[in-house]
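Colleague: For reference, the file work_38.txt (compact mmCIF, C-alpha atoms) is included below:
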# COMPACT_ATOMS: atom_id res chain seq x y z
CA MET N 1 71.34 -2.90 22.51
CA TYR N 2 70.15 -2.71 18.96
CA PHE N 3 66.78 -1.45 17.86
CA ILE N 4 65.27 -2.76 14.71
CA LEU N 5 62.86 -0.43 13.01
CA VAL N 6 60.27 -2.28 11.04
CA LEU N 7 58.43 -0.24 8.46
CA ILE N 8 55.01 -1.50 7.55
CA ASN N 9 53.14 -0.25 4.57
CA PHE N 10 49.60 0.57 5.65
CA VAL N 11 47.10 0.26 2.86
CA PRO N 12 43.89 2.15 3.58
CA VAL N 13 40.79 0.00 3.30
CA ILE N 14 37.75 1.64 1.75
CA PHE N 15 34.42 0.16 2.68
CA CYS N 16 31.81 0.62 0.01
CA GLU N 17 28.14 0.26 0.73
CA ASP N 18 25.01 0.00 -1.35
CA ARG N 19 23.19 3.30 -1.62
CA LEU N 20 19.56 4.05 -0.78
CA LEU N 21 18.07 6.15 -3.57
CA HIS N 22 14.36 6.46 -2.92
CA VAL N 23 11.56 5.29 -0.63
CA HIS N 24 7.87 4.68 -1.36
CA ALA N 25 5.48 4.21 1.56
CA LEU N 26 1.82 3.22 1.44
CA TRP N 27 -0.24 3.02 4.62
CA ARG N 28 -3.77 2.40 5.75
CA HIS N 29 -5.35 5.27 7.65
CA GLY N 30 -5.59 5.17 11.43
CA GLU N 31 -8.44 3.95 13.62
CA ARG N 32 -11.75 5.49 12.57
CA ASN N 33 -15.39 5.65 13.52
CA PRO N 34 -18.00 3.72 11.49
CA ARG N 35 -18.71 5.11 8.04
CA ASP N 36 -22.46 4.78 8.59
CA LEU N 37 -25.09 3.27 10.85
CA PHE N 38 -27.27 0.33 9.80
CA LYS N 39 -30.99 -0.30 10.10
CA GLY N 40 -31.60 -1.67 13.58
CA ASP N 41 -28.36 -0.24 14.98
CA LEU N 42 -28.60 0.29 18.74
CA ASN N 43 -26.36 3.35 18.56
CA ASN N 44 -26.64 6.77 16.98
CA ALA N 45 -24.19 9.39 15.76
CA SER N 46 -23.76 10.85 19.26
CA ALA N 47 -21.83 7.70 20.21
CA PHE N 48 -19.03 8.91 17.94
CA PRO N 49 -18.07 12.45 19.00
CA ASP N 50 -15.21 12.65 16.51
CA GLY N 51 -17.72 12.25 13.69
CA ILE N 52 -19.05 9.44 11.52
CA GLY N 53 -16.28 8.11 9.29
CA GLN N 54 -13.66 10.33 10.93
CA LEU N 55 -10.41 9.34 12.60
CA THR N 56 -10.52 8.87 16.34
CA LYS N 57 -7.94 10.64 18.47
CA TYR N 58 -6.19 7.30 18.82
CA GLY N 59 -6.21 6.97 15.02
CA ILE N 60 -4.34 10.25 14.77
CA HIS N 61 -1.91 9.03 17.40
CA GLN N 62 -1.27 5.83 15.40
CA LEU N 63 -0.13 7.68 12.28
CA TYR N 64 1.84 10.17 14.34
CA THR N 65 3.67 7.19 15.88
CA LEU N 66 4.25 5.62 12.46
CA GLY N 67 5.83 8.90 11.38
CA GLU N 68 8.14 8.75 14.39
CA HIS N 69 9.25 5.26 13.33
CA PHE N 70 10.12 6.63 9.89
CA GLN N 71 12.00 9.48 11.54
CA ALA N 72 14.09 7.01 13.54
CA ARG N 73 14.85 4.92 10.46
CA TYR N 74 15.34 7.44 7.65
CA ILE N 75 16.45 10.61 9.43
CA TYR N 76 18.56 9.26 12.29
CA GLU N 77 19.62 5.71 11.39
CA TYR N 78 20.10 5.99 7.62
CA LYS N 79 20.61 9.77 7.59
CA PHE N 80 18.65 9.70 4.36
CA LEU N 81 16.00 12.38 4.89
CA SER N 82 16.56 15.92 6.12
CA SER N 83 15.34 16.66 9.63
CA ASN N 84 13.23 19.50 8.30
CA TYR N 85 10.51 19.25 5.66
CA SER N 86 11.42 20.12 2.09
CA ASN N 87 8.84 19.96 -0.70
CA THR N 88 11.55 18.93 -3.16
CA GLU N 89 12.50 15.95 -0.99
CA VAL N 90 9.05 14.65 -0.04
CA TYR N 91 5.78 14.22 -1.95
CA SER N 92 2.56 13.15 -0.26
CA ARG N 93 -0.53 11.70 -1.95
CA SER N 94 -3.85 10.84 -0.31
CA THR N 95 -7.32 9.76 -1.29
CA ALA N 96 -9.92 12.50 -0.94
CA LEU N 97 -11.41 11.06 2.25
CA ASP N 98 -10.88 12.81 5.57
CA ARG N 99 -9.60 9.72 7.36
CA ALA N 100 -6.81 9.27 4.82
CA PHE N 101 -6.02 12.97 4.50
CA VAL N 102 -5.74 13.58 8.25
CA SER N 103 -3.68 10.38 8.57
CA ALA N 104 -1.14 11.88 6.18
CA MET N 105 -1.04 15.07 8.24
CA ALA N 106 -0.51 13.07 11.42
CA PHE N 107 2.24 10.95 9.82
CA PHE N 108 4.28 13.97 8.80
CA SER N 109 3.75 15.56 12.21
CA GLY N 110 5.46 12.48 13.63
CA LEU N 111 8.14 12.33 10.93
CA TYR N 112 9.22 15.91 11.64
CA SER N 113 8.50 15.97 15.36
CA ASP N 114 11.07 17.46 17.70
CA GLY N 115 10.56 14.90 20.43
CA THR N 116 8.53 17.24 22.64
CA SER N 117 5.34 17.86 20.66
CA HIS N 118 2.35 15.54 20.64
CA GLU N 119 -0.39 14.63 18.20
CA GLU N 120 -2.79 17.04 19.96
CA HIS N 121 -0.69 19.90 18.66
CA VAL N 122 -1.33 21.56 15.30
CA LEU N 123 -0.66 19.03 12.55
CA SER N 124 2.29 19.71 10.26
CA PRO N 125 1.48 22.02 7.34
CA ILE N 126 2.73 19.61 4.68
CA SER N 127 1.48 19.75 1.10
CA ILE N 128 -0.80 16.76 0.57
CA HIS N 129 -2.11 16.08 -2.93
CA THR N 130 -5.35 14.40 -3.91
CA ILE N 131 -7.77 13.91 -6.81
CA PRO N 132 -11.54 13.20 -6.94
CA LEU N 133 -12.50 9.72 -5.72
CA GLU N 134 -14.16 8.80 -9.01
CA ASP N 135 -10.78 9.22 -10.73
CA ASP N 136 -8.57 7.72 -8.02
CA PHE N 137 -7.32 4.14 -8.37
CA LEU N 138 -6.08 4.28 -4.75
CA TYR N 139 -9.73 3.86 -3.72
CA ILE N 140 -10.96 1.37 -6.27
CA ILE N 141 -14.38 1.09 -4.64
CA GLY N 142 -15.14 4.69 -5.55
CA PHE N 143 -13.37 4.62 -8.91
CA GLN N 144 -15.98 5.18 -11.64
CA CYS N 145 -15.38 2.73 -14.43
CA GLN N 146 -17.73 0.66 -16.57
CA ARG N 147 -15.11 -2.00 -17.22
CA LYS N 148 -14.51 -2.42 -13.49
CA GLU N 149 -18.20 -3.16 -12.94
CA GLU N 150 -18.25 -5.60 -15.85
CA ILE N 151 -15.29 -7.55 -14.46
CA ARG N 152 -16.79 -7.54 -10.99
CA LYS N 153 -20.04 -9.07 -12.27
CA ILE N 154 -18.11 -11.76 -14.11
CA ALA N 155 -16.13 -12.53 -10.94
CA GLU N 156 -19.25 -12.66 -8.77
CA ASN N 157 -20.86 -15.12 -11.20
CA SER N 158 -17.79 -17.37 -11.22
CA TYR N 159 -17.85 -20.86 -9.75
CA GLU N 160 -15.45 -19.76 -7.00
CA MET N 161 -17.57 -16.85 -5.89
CA GLN N 162 -20.89 -18.66 -6.18
CA SER N 163 -19.48 -21.47 -4.04
CA LEU N 164 -18.49 -18.88 -1.45
CA PHE N 165 -21.94 -17.24 -1.52
CA SER N 166 -23.55 -20.64 -1.13
CA ARG N 167 -21.41 -21.43 1.91
CA PHE N 168 -22.32 -18.14 3.63
CA ASN N 169 -25.87 -17.87 2.33
CA ASP N 170 -27.41 -18.06 5.82
CA LEU N 171 -25.39 -15.02 6.85
CA LEU N 172 -26.52 -13.02 3.82
CA VAL N 173 -30.15 -14.03 4.32
CA GLU N 174 -30.11 -12.98 7.97
CA VAL N 175 -28.64 -9.59 7.07
CA ALA N 176 -31.24 -9.05 4.36
CA ASN N 177 -34.13 -10.04 6.64
CA ASN N 178 -33.04 -7.91 9.59
CA THR N 179 -32.07 -4.80 7.64
CA GLU N 180 -34.53 -5.02 4.73
CA SER N 181 -31.64 -4.91 2.30
CA SER N 182 -30.59 -6.88 -0.77
CA LEU N 183 -28.96 -10.30 -0.65
CA GLU N 184 -25.47 -9.04 -1.52
CA PHE N 185 -21.97 -8.81 -0.09
CA ASP N 186 -22.17 -5.00 0.10
CA SER N 187 -25.29 -5.20 2.27
CA ALA N 188 -23.45 -7.37 4.78
CA LEU N 189 -20.40 -5.10 4.56
CA ASN N 190 -22.48 -2.06 5.52
CA VAL N 191 -23.69 -3.83 8.65
CA PHE N 192 -20.55 -5.57 9.86
CA ASP N 193 -18.07 -2.83 9.01
CA THR N 194 -19.97 -0.76 11.56
CA ALA N 195 -20.64 -3.60 14.00
CA VAL N 196 -17.00 -4.68 14.29
CA LEU N 197 -16.02 -1.15 15.33
CA GLU N 198 -18.93 -0.78 17.71
CA GLU N 199 -17.97 -4.04 19.39
CA MET N 200 -14.36 -2.87 19.68
CA TYR N 201 -15.56 0.36 21.34
CA GLY N 202 -17.71 -1.59 23.81
CA LEU N 203 -21.01 -0.36 22.38
CA PRO N 204 -24.21 -2.47 22.37
CA LEU N 205 -25.09 -4.62 19.36
CA PRO N 206 -28.16 -6.60 18.33
CA ASP N 207 -27.69 -10.22 19.39
CA TRP N 208 -27.95 -11.55 15.86
CA VAL N 209 -25.13 -9.23 14.73
CA SER N 210 -22.63 -9.98 17.49
CA ALA N 211 -23.15 -13.72 17.04
CA ARG N 212 -22.27 -13.49 13.34
CA ILE N 213 -19.10 -11.37 13.51
CA PRO N 214 -16.58 -14.28 13.44
CA GLU N 215 -18.39 -15.78 10.46
CA TRP N 216 -18.42 -12.40 8.72
CA ASN N 217 -14.66 -11.94 9.20
CA GLU N 218 -14.01 -15.28 7.48
CA PHE N 219 -16.45 -14.50 4.67
CA ARG N 220 -14.95 -11.08 4.01
CA ILE N 221 -11.37 -12.32 3.77
CA LYS N 222 -12.31 -15.11 1.36
CA TYR N 223 -14.36 -12.68 -0.75
CA VAL N 224 -11.48 -10.20 -0.94
CA LEU N 225 -8.95 -12.90 -1.85
CA ILE N 226 -11.10 -13.79 -4.86
CA MET N 227 -12.07 -10.27 -5.89
CA TYR N 228 -8.53 -8.87 -5.67
CA GLY N 229 -6.88 -11.50 -7.84
CA TYR N 230 -5.27 -13.79 -5.28
CA VAL N 231 -7.27 -16.82 -6.40
CA PRO N 232 -7.17 -18.42 -9.89
CA PHE N 233 -10.49 -19.12 -11.61
CA SER N 234 -11.55 -22.39 -13.17
CA ASN N 235 -13.61 -22.63 -16.36
CA SER N 236 -13.04 -18.97 -17.21
CA LEU N 237 -13.14 -17.84 -20.83
CA HIS N 238 -11.20 -14.74 -19.78
CA ASN N 239 -7.99 -14.52 -17.78
CA LEU N 240 -10.17 -13.21 -15.01
CA GLN N 241 -7.50 -13.26 -12.34
CA LEU N 242 -5.22 -11.10 -14.48
CA GLU N 243 -8.02 -8.66 -15.26
CA LEU N 244 -8.76 -8.27 -11.56
CA LEU N 245 -5.07 -7.70 -10.82
CA LYS N 246 -4.94 -4.98 -13.46
CA ILE N 247 -7.94 -3.16 -12.05
CA THR N 248 -7.20 -3.48 -8.33
CA GLY N 249 -3.43 -2.99 -8.27
CA GLY N 250 -2.03 -2.56 -11.76
CA SER N 251 -2.16 1.22 -11.95
CA LEU N 252 -0.42 1.73 -8.61
CA VAL N 253 2.31 -0.83 -9.32
CA ALA N 254 2.94 0.72 -12.73
CA GLU N 255 3.04 4.26 -11.33
CA ILE N 256 5.54 3.36 -8.61
CA VAL N 257 7.80 1.35 -10.93
CA ASP N 258 7.75 4.15 -13.50
CA ARG N 259 8.87 6.56 -10.80
CA MET N 260 11.68 4.23 -9.74
CA ILE N 261 12.92 3.93 -13.31
CA HIS N 262 12.77 7.69 -13.68
CA LYS N 263 14.82 8.08 -10.50
CA ILE N 264 17.42 5.55 -11.65
CA LYS N 265 17.83 7.19 -15.05
CA CYS N 266 18.14 10.64 -13.54
CA GLU N 267 20.88 9.40 -11.20
CA ARG N 268 22.95 8.55 -14.27
CA PHE N 269 21.83 11.12 -16.81
CA GLN N 270 20.76 14.69 -16.38
CA ASN N 271 18.07 16.34 -18.47
CA PRO N 272 15.27 18.87 -17.86
CA GLU N 273 12.80 16.08 -17.03
CA CYS N 274 14.91 15.15 -14.00
CA LEU N 275 14.32 18.41 -12.16
CA ASN N 276 11.54 17.13 -9.85
CA ILE N 277 12.79 13.58 -9.23
CA LYS N 278 16.45 14.50 -8.75
CA TYR N 279 16.03 15.61 -5.14
CA GLN N 280 12.96 13.55 -4.26
CA LYS N 281 13.62 10.87 -1.63
CA LEU N 282 10.22 9.93 -0.20
CA TYR N 283 6.86 9.47 -1.92
CA THR N 284 3.93 8.49 0.29
CA TYR N 285 0.40 7.25 -0.30
CA SER N 286 -2.26 7.55 2.40
CA GLY N 287 -4.97 5.02 1.61
CA HIS N 288 -7.13 2.17 2.84
CA ASP N 289 -7.10 -1.56 3.53
CA ILE N 290 -8.17 -2.25 -0.05
CA THR N 291 -5.31 -0.07 -1.33
CA LEU N 292 -2.77 -2.28 0.43
CA ILE N 293 -4.58 -5.47 -0.58
CA GLY N 294 -4.58 -4.52 -4.26
CA PHE N 295 -0.95 -3.42 -4.09
CA PHE N 296 0.23 -6.67 -2.46
CA SER N 297 -1.45 -8.77 -5.14
CA GLY N 298 -0.07 -6.47 -7.83
CA LEU N 299 3.48 -6.97 -6.54
CA GLY N 300 3.07 -10.73 -6.72
CA PHE N 301 2.38 -11.70 -3.11
CA LYS N 302 0.16 -14.75 -2.70
CA THR N 303 -1.60 -13.34 0.35
CA PHE N 304 -2.04 -10.19 2.42
CA LYS N 305 -2.39 -12.21 5.65
CA PHE N 306 1.24 -12.18 6.78
CA GLU N 307 0.77 -13.02 10.45
CA THR N 308 -2.95 -13.04 11.26
CA GLU N 309 -6.08 -14.11 9.41
CA GLU N 310 -7.25 -10.52 9.16
CA MET N 311 -7.48 -7.57 6.82
CA PRO N 312 -4.50 -5.15 6.92
CA SER N 313 -4.67 -3.34 10.24
CA VAL N 314 -5.29 0.37 10.62
CA SER N 315 -1.93 2.20 10.50
CA SER N 316 -0.22 -0.73 8.73
CA SER N 317 2.27 0.29 6.06
CA VAL N 318 4.24 -1.26 3.22
CA VAL N 319 7.58 0.32 2.31
CA LEU N 320 9.59 -0.06 -0.89
CA GLU N 321 13.23 1.00 -0.68
CA LEU N 322 15.09 1.46 -3.96
CA TRP N 323 18.79 0.57 -3.59
CA GLU N 324 21.82 0.88 -5.86
CA ASN N 325 24.46 -1.87 -5.65
CA GLU N 326 27.88 -0.48 -4.78
CA LYS N 327 29.45 -2.63 -7.53
CA ILE N 328 28.16 -0.15 -10.09
CA LYS N 329 31.04 2.20 -9.18
CA ASN N 330 33.69 -0.10 -10.65
CA SER N 331 31.69 -1.55 -13.52
CA ILE N 332 31.37 -0.82 -17.17
CA ILE N 333 27.70 -0.06 -17.62
CA SER N 334 25.90 -1.13 -20.74
CA GLN N 335 22.28 -0.79 -21.70
CA LYS N 336 21.86 -4.54 -21.20
CA THR N 337 23.28 -4.63 -17.66
CA PHE N 338 22.14 -1.20 -16.47
CA TYR N 339 19.20 -2.28 -14.32
CA SER N 340 20.99 -5.28 -12.80
CA TYR N 341 22.61 -2.94 -10.26
CA TYR N 342 19.29 -1.87 -8.73
CA TYR N 343 16.97 -3.71 -6.40
CA VAL N 344 14.02 -3.04 -4.08
CA LYS N 345 13.63 -4.06 -0.45
CA ILE N 346 10.02 -4.49 0.66
CA TYR N 347 9.14 -4.04 4.33
CA TYR N 348 5.89 -4.17 6.27
CA TYR N 349 4.77 -2.44 9.45
CA GLN N 350 1.88 -4.60 10.70
CA ASN N 351 0.66 -1.61 12.72
CA SER N 352 2.00 1.56 14.30
CA SER N 353 3.23 -0.23 17.44
CA VAL N 354 5.89 -2.01 15.36
CA GLU N 355 9.12 -0.02 15.55
CA ASN N 356 11.16 -2.15 13.15
CA PRO N 357 9.38 -3.32 10.00
CA LYS N 358 9.35 -6.93 8.87
CA TYR N 359 11.16 -7.75 5.62
CA ILE N 360 8.64 -9.48 3.35
CA GLY N 361 10.33 -9.26 -0.04
CA ASP N 362 11.52 -12.86 0.19
CA LEU N 363 7.88 -14.03 0.20
CA ILE N 364 7.87 -13.33 -3.55
CA PRO N 365 9.55 -16.31 -5.30
CA GLU N 366 11.38 -14.10 -7.82
CA CYS N 367 12.96 -12.12 -4.98
CA GLN N 368 14.22 -14.96 -2.80
CA GLY N 369 17.93 -15.46 -2.09
CA GLN N 370 18.87 -11.95 -3.19
CA LYS N 371 19.45 -8.56 -1.62
CA GLY N 372 15.95 -7.60 -2.67
CA CYS N 373 13.57 -7.75 -5.60
CA PRO N 374 15.47 -7.15 -8.85
CA ILE N 375 14.16 -4.02 -10.51
CA SER N 376 13.86 -6.12 -13.69
CA TYR N 377 11.19 -8.24 -11.95
CA LEU N 378 9.17 -5.17 -11.00
CA ILE N 379 9.46 -3.78 -14.53
CA LYS N 380 8.03 -7.02 -15.94
CA ARG N 381 5.30 -7.01 -13.30
CA ALA N 382 4.34 -3.43 -14.12
CA GLU N 383 4.13 -4.14 -17.84
CA LEU N 384 2.03 -7.24 -17.20
CA LEU N 385 -0.49 -5.36 -15.07
CA ARG N 386 -0.43 -1.89 -16.63
CA PRO N 387 -4.03 -1.29 -17.80
CA LYS N 388 -4.19 -0.33 -21.46
CA PRO N 389 -6.97 0.35 -23.96
CA ASP N 390 -8.04 -2.55 -26.13
CA LEU N 391 -7.06 -1.55 -29.67
CA LYS N 392 -9.95 -3.52 -31.22
CA ILE N 393 -12.74 -2.78 -28.74
CA PHE N 394 -12.40 0.59 -27.06
CA HIS N 395 -13.03 0.41 -23.30
CA PRO N 396 -13.30 3.95 -21.83
CA CYS N 397 -12.33 2.66 -18.38
CA LEU N 398 -9.11 1.00 -19.55
CA PHE N 399 -8.28 4.07 -21.61
CA GLN N 400 -8.74 6.21 -18.51
CA PHE N 401 -6.62 3.86 -16.40
CA PHE N 402 -3.79 4.21 -18.88
CA PHE N 403 -3.74 7.97 -18.97
CA ILE N 404 -4.08 8.83 -15.28
CA MET N 405 -0.73 7.39 -14.21
Mind turning this structure into structure tokens?

Modeller:
Amino acid sequence: MYFILVLINFVPVIFCEDRLLHVHALWRHGERNPRDLFKGDLNNASAFPDGIGQLTKYGIHQLYTLGEHFQARYIYEYKFLSSNYSNTEVYSRSTALDRAFVSAMAFFSGLYSDGTSHEEHVLSPISIHTIPLEDDFLYIIGFQCQRKEEIRKIAENSYEMQSLFSRFNDLLVEVANNTESSLEFDSALNVFDTAVLEEMYGLPLPDWVSARIPEWNEFRIKYVLIMYGYVPFSNSLHNLQLELLKITGGSLVAEIVDRMIHKIKCERFQNPECLNIKYQKLYTYSGHDITLIGFFSGLGFKTFKFETEEMPSVSSSVVLELWENEKIKNSIISQKTFYSYYYVKIYYYQNSSVENPKYIGDLIPECQGQKGCPISYLIKRAELLRPKPDLKIFHPCLFQFFFIM
């Protein structure tokens, strides 16, 4: 019997994968109590034991749960973040409102939970950074800026907005008559922002208020779509839509894109300016529904209503993952082709009950049919919307926008 020995040359196969470099996350705070009571309200402050404007216990739980989802994705699945907090790896930013600040604390308690603790325990002692509301573009309502008010008045006097006011005039008149307030959107907001929460908590409401809530929800969404740059304007001497995009989302888009570019450059080149960004992996923003709305329009989305005809839910979150294409390892890099190897995946958690986020990047036309949004698209978007001072007519607000990045 003869044995034939066959020698086979085994060639090892190396599987290369794209590399996750950095993650940005922006969320809306958790469930809260009403910010204020309105004239004729059937309830008083004692109905809200956690405090007016404060997170409810369930609101804390929501952000704690969102943090656990991030733990599952970025610590265990991707093995991207360390299991223990490091201030060089994570940076947290919040508006200077309790509901946003405590939401950030709850999120990081969930992100670094050990699987046995609960949100009732002491919240994680993570460094959370903030600035005064009047200087913070994350909360554009409180941002003090003459130019912002000028643009808002122009928008409210536009044909589109006046048509909207005319359609919902009966609602505005009823609010004004019952609360002895002015005939304005903000007057209705003060009433229904509270009423919607009171109804959700099963508290009593005046009959005229409860009957108008569905109409208010429709009015508010249409108002926000116009005021946050989702709707083009007819017969406008200014590029009003662009100006609104700059004010409501331009600063945040520019800040995030600048940080991405800084991260990319510091991956390739080392200099003293790279010290802070070199090890940073996660940058978070704890904000509000209007923060997400302005950011979505700034990125180029045509709507913020991805699945329901509603405002972004409490505890909803948008995530931007910066990726490096594995092809860069075997390529000759030139200044012209440098950024073509980087892209951004955009995901959305509709609320904290969603364990796996929905990919929404392909809803932007320039990002369709690709691994993600080309970083070149985001660079162009940032430069388009980056607020700058007018060199001929000095606008203090635009000058301030430019220098608080």

Colleague: Rounded to one decimal, what separation in Å do you get between CA of Thr179 (chain N) and CA of Tyr201 (chain N)?

Modeller: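 According to the coordinates, CA of Thr179 (chain N) and CA of Tyr201 (chain N) are separated by 22.1 Å.
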
Colleague: I'd like to know which of N:Ser94, N:Ser182, N:Thr130, N:Ser163 is closest to Thr291 (chain N), using all atoms listed in the file.

Modeller: N:Ser94

Colleague: Which residues are near region 125-128 of chain N? Cut-off 7 Å, only C-alpha atoms, ignore same chain within fewer than 5 positions. Put them as a PyMOL selection string.

Modeller: chain N and resi 92-94+105

Colleague: With C-alpha atoms retained, export the selected residues as a PDB file, in the coordinates of the input.

Modeller:
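This went into selection.pdb:
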ATOM      1  CA  SER N  92       2.560  13.150  -0.260  1.00  0.00           C
ATOM      2  CA  ARG N  93      -0.530  11.700  -1.950  1.00  0.00           C
ATOM      3  CA  SER N  94      -3.850  10.840  -0.310  1.00  0.00           C
ATOM      4  CA  MET N 105      -1.040  15.070   8.240  1.00  0.00           C
TER       5      MET N 105
END

Colleague: Hey, can you pull every residue with an atom no more than 12 Å from (-18.2, 1.2, 10.0), using only C-alpha atoms, and send it as a count of residues only?

Modeller: 30

Colleague: Find the residues near His22 (chain N): any atom within 7 Å, counting all atoms listed in the file, skip ones fewer than 5 places away on the same chain, and give them as a PyMOL selection string.

Modeller: chain N and resi 281-282+321-322

Colleague: What gap, in Å, lies between CA of Phe137 (chain N) and CA of Asn356 (chain N)?

Modeller: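 According to the coordinates, CA of Phe137 (chain N) and CA of Asn356 (chain N) are separated by 29.1 Å.
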
Colleague: Using only C-alpha atoms, find the one residue out of N:Pro204, N:Pro374, N:Gly249, N:Gly67 that sits nearest to Tyr349 (chain N).

Modeller: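 Nearest candidate to Tyr349 (chain N) out of N:Pro204, N:Pro374, N:Gly249, N:Gly67: N:Gly67.
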
Colleague: Find the distance between CA of Ile328 (chain N) and CA of Leu20 (chain N) and write it in Å to one decimal.

Modeller: 13.4 Å

Colleague: If we count all atoms listed in the file, what is near Glu180 (chain N) at a cut-off of 12 Å, once residues fewer than 4 positions away on the same chain are taken out, given as a list of chain:residue names?

Modeller: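 Returned residues: N:Phe38, N:Lys39, N:Gly40, N:Leu172, N:Val173, N:Glu174, N:Val175, N:Ala176, N:Glu184, N:Ser187, N:Ala188, N:Val191.
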
Colleague: Let me make sure I understand: among N:Leu81, N:Leu171, N:Met227, N:Val318, which one has the smallest atom-to-atom distance to Val209 (chain N) if we use only C-alpha atoms?

Modeller: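 The shortest atom-to-atom distance to Val209 (chain N) comes from N:Leu171.
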
Colleague: Counting all atoms listed in the file, what is within 12 Å of Thr65 (chain N), bar same-chain residues fewer than 3 positions away, as a PyMOL selection string?

Modeller: chain N and resi 30+58-62+68-72+103-113+115+117-119+315-316+349+351-355
